[in-house]
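Only one structure is covered here, and it is reproduced in the block below.
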Amino acid sequence: MERTLILIKPDALARGLAGEVLSRFEQKGLKIAGIKMIQLDDQLLREHYSHLADKPFFPTITEFMSRTPVIALCLEGLEAVAVCRSLCGVTNSRQAAPGTIRGDLGMSMQANLVHASDSVETAAQEVARFFDPDELFSYEPALLAYQYAADER
């Protein structure tokens, strides 16, 4: 099973949508392997968004992402990275398809409710950045046989 990182962003918390966002992932059948609320500090933000550090909007991102705590999730499932990206919708919420988290609940490019890892490689790095190994759990959901065919598990 693949693992990926989701951050439920400050706008989702401020708007009271954290439960709705988490529910979308759970309803799809993704398993929570880790969950915690954390306040992002400058060091973590610089590391997480290092690929955007030279962009003019970098200070805006770091200010936004530190307004409130975020909820960090490590989700697990077959093709979890692609499944989560699909559930989230495109980055610009105004262009996101109806039925996606951003398409149904967002109107912004930056305040787009969630961050989702963009590749399996990035997911591994991001999960390790936000979770210590003892904060991640392995267990078998009771309904696993109803979520995947036997040859998929």
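Residue names in the structure tokens use chain letters A, B, ... in the order shown, residue numbers from 1 in each chain, and ligand numbers from 1 in the order shown.
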Which polymer residues have any atom within 10 Å of an atom of Asp42 (chain A), counting only C-alpha atoms, with same-chain residues fewer than 6 positions away left out, as a PyMOL selection string? chain A and resi 48+62-63+65-66
Could you save those same residues with C-alpha atoms as an mmCIF file, in the first residue's frame?
data_model
loop_
_atom_site.group_PDB
_atom_site.id
_atom_site.type_symbol
_atom_site.label_atom_id
_atom_site.label_comp_id
_atom_site.auth_asym_id
_atom_site.auth_seq_id
_atom_site.Cartn_x
_atom_site.Cartn_y
_atom_site.Cartn_z
ATOM 1 C CA HIS A 48 8.434 22.148 2.645
ATOM 2 C CA THR A 62 4.440 31.121 4.329
ATOM 3 C CA GLU A 63 2.296 33.817 5.964
ATOM 4 C CA MET A 65 0.279 28.575 6.007
ATOM 5 C CA SER A 66 1.258 29.853 9.470
#
What's the 12 Å shell around Phe25 (chain A), counting only C-alpha atoms, without same-chain residues fewer than 2 positions away, as JSON, numbers by chain? {"A": [4, 5, 6, 8, 18, 19, 20, 21, 22, 23, 27, 28, 29, 30, 31, 32, 73, 74, 75, 76, 77, 80, 81, 83, 84, 85, 86, 87, 88, 100, 101, 114, 116]}
What's around Pro69 (chain A) at 8 Å? Count only C-alpha atoms, leave out sequence neighbours fewer than 5 positions away in its own chain, and write the answer as a list in words. Lys9, Pro10, Met37, Ile38, Gln39 and Leu40 of chain A
Give me the residues of region 16-111 of chain A that have any atom at most 8 Å from an atom of region 130-140 of chain A; for each, the nearest atom pair and the distance in Å, rounded to one decimal. Use only C-alpha atoms, sort by chain and number, and format it as CSV.
residue,atom,partner,partner_atom,distance
A:Ala33,CA,A:Phe137,CA,5.0
A:Gly34,CA,A:Leu136,CA,4.8
A:Ala72,CA,A:Phe130,CA,7.2
A:Cys74,CA,A:Leu136,CA,7.6
For the residues in the current selection, export N, CA and C atoms as an mmCIF file, in the first residue's frame.
data_model
loop_
_atom_site.group_PDB
_atom_site.id
_atom_site.type_symbol
_atom_site.label_atom_id
_atom_site.label_comp_id
_atom_site.auth_asym_id
_atom_site.auth_seq_id
_atom_site.Cartn_x
_atom_site.Cartn_y
_atom_site.Cartn_z
ATOM 1 N N ALA A 33 -3.115 6.605 8.423
ATOM 2 C CA ALA A 33 -1.944 5.974 9.038
ATOM 3 C C ALA A 33 -1.322 6.889 10.081
ATOM 4 N N GLY A 34 -1.594 8.204 9.956
ATOM 5 C CA GLY A 34 -1.100 9.185 10.917
ATOM 6 C C GLY A 34 -1.911 10.459 10.805
ATOM 7 N N ALA A 72 -2.038 17.569 9.678
ATOM 8 C CA ALA A 72 -1.213 16.724 8.815
ATOM 9 C C ALA A 72 -1.775 15.314 8.851
ATOM 10 N N CYS A 74 -1.264 11.360 7.151
ATOM 11 C CA CYS A 74 -0.616 10.366 6.311
ATOM 12 C C CYS A 74 -1.713 9.374 5.957
#
Would you mind writing down, as a PyMOL selection string, each residue of region 56-152 of chain A that DSSP on the backbone assigns to alpha helix (DSSP H)? chain A and resi 58-65+80-88+101-105+120-130+144-147
Hey, can you spit out that residue selection with C-alpha atoms as a PDB file, in the first residue's frame?
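See again.pdb below for the written result:
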ATOM      1  CA  PHE A  58       6.751  32.709  -1.390  1.00  0.00           C
ATOM      2  CA  PRO A  59       6.264  35.135   1.554  1.00  0.00           C
ATOM      3  CA  THR A  60       2.521  35.103   0.953  1.00  0.00           C
ATOM      4  CA  ILE A  61       2.449  31.295   1.116  1.00  0.00           C
ATOM      5  CA  THR A  62       4.440  31.121   4.329  1.00  0.00           C
ATOM      6  CA  GLU A  63       2.296  33.817   5.964  1.00  0.00           C
ATOM      7  CA  PHE A  64      -0.890  32.035   4.923  1.00  0.00           C
ATOM      8  CA  MET A  65       0.279  28.575   6.007  1.00  0.00           C
ATOM      9  CA  ALA A  80      -2.884   6.782  -2.656  1.00  0.00           C
ATOM     10  CA  VAL A  81      -0.943   9.679  -4.197  1.00  0.00           C
ATOM     11  CA  ALA A  82      -2.948   9.714  -7.430  1.00  0.00           C
ATOM     12  CA  VAL A  83      -6.238   9.023  -5.647  1.00  0.00           C
ATOM     13  CA  CYS A  84      -5.702  11.931  -3.235  1.00  0.00           C
ATOM     14  CA  ARG A  85      -4.677  14.298  -6.034  1.00  0.00           C
ATOM     15  CA  SER A  86      -7.812  13.366  -7.930  1.00  0.00           C
ATOM     16  CA  LEU A  87     -10.026  13.897  -4.857  1.00  0.00           C
ATOM     17  CA  CYS A  88      -8.454  17.318  -4.249  1.00  0.00           C
ATOM     18  CA  ILE A 101     -12.680  19.001  -2.547  1.00  0.00           C
ATOM     19  CA  ARG A 102     -11.442  22.212  -4.161  1.00  0.00           C
ATOM     20  CA  GLY A 103     -14.198  22.257  -6.781  1.00  0.00           C
ATOM     21  CA  ASP A 104     -16.952  21.938  -4.201  1.00  0.00           C
ATOM     22  CA  LEU A 105     -15.506  23.974  -1.344  1.00  0.00           C
ATOM     23  CA  VAL A 120       5.280   8.799  -4.761  1.00  0.00           C
ATOM     24  CA  GLU A 121       8.834  10.086  -4.257  1.00  0.00           C
ATOM     25  CA  THR A 122       7.668  13.444  -2.912  1.00  0.00           C
ATOM     26  CA  ALA A 123       5.123  11.702  -0.684  1.00  0.00           C
ATOM     27  CA  ALA A 124       7.845   9.641   0.997  1.00  0.00           C
ATOM     28  CA  GLN A 125       9.876  12.804   1.685  1.00  0.00           C
ATOM     29  CA  GLU A 126       6.867  14.767   2.914  1.00  0.00           C
ATOM     30  CA  VAL A 127       5.548  12.014   5.181  1.00  0.00           C
ATOM     31  CA  ALA A 128       9.032  11.767   6.756  1.00  0.00           C
ATOM     32  CA  ARG A 129       9.142  15.570   7.125  1.00  0.00           C
ATOM     33  CA  PHE A 130       5.867  15.729   9.054  1.00  0.00           C
ATOM     34  CA  LEU A 144     -10.751  -4.021   3.784  1.00  0.00           C
ATOM     35  CA  ALA A 145     -12.220  -7.028   1.947  1.00  0.00           C
ATOM     36  CA  TYR A 146     -15.025  -4.748   0.748  1.00  0.00           C
ATOM     37  CA  GLN A 147     -12.715  -1.971  -0.434  1.00  0.00           C
TER      38      GLN A 147
END
Nearest-residue call for Asn112 (chain A), choices A:Ala12, A:Glu26, A:Ala97, A:Glu152, using only C-alpha atoms: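 That would be A:Ala12, the residue with the smallest distance to Asn112 (chain A).
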Between CA of Glu79 (chain A) and CA of Ser119 (chain A), distance in Å (one decimal): 10.1 Å
Distance CA of Leu78 (chain A)-CA of Met1 (chain A), one decimal place?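 Separating CA of Leu78 (chain A) from CA of Met1 (chain A) is a distance of 5.2 Å.
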Check the DSSP output for the backbone and give back, as a count of residues only, the residues of region 5-60 of chain A in strand (DSSP E or B). 12
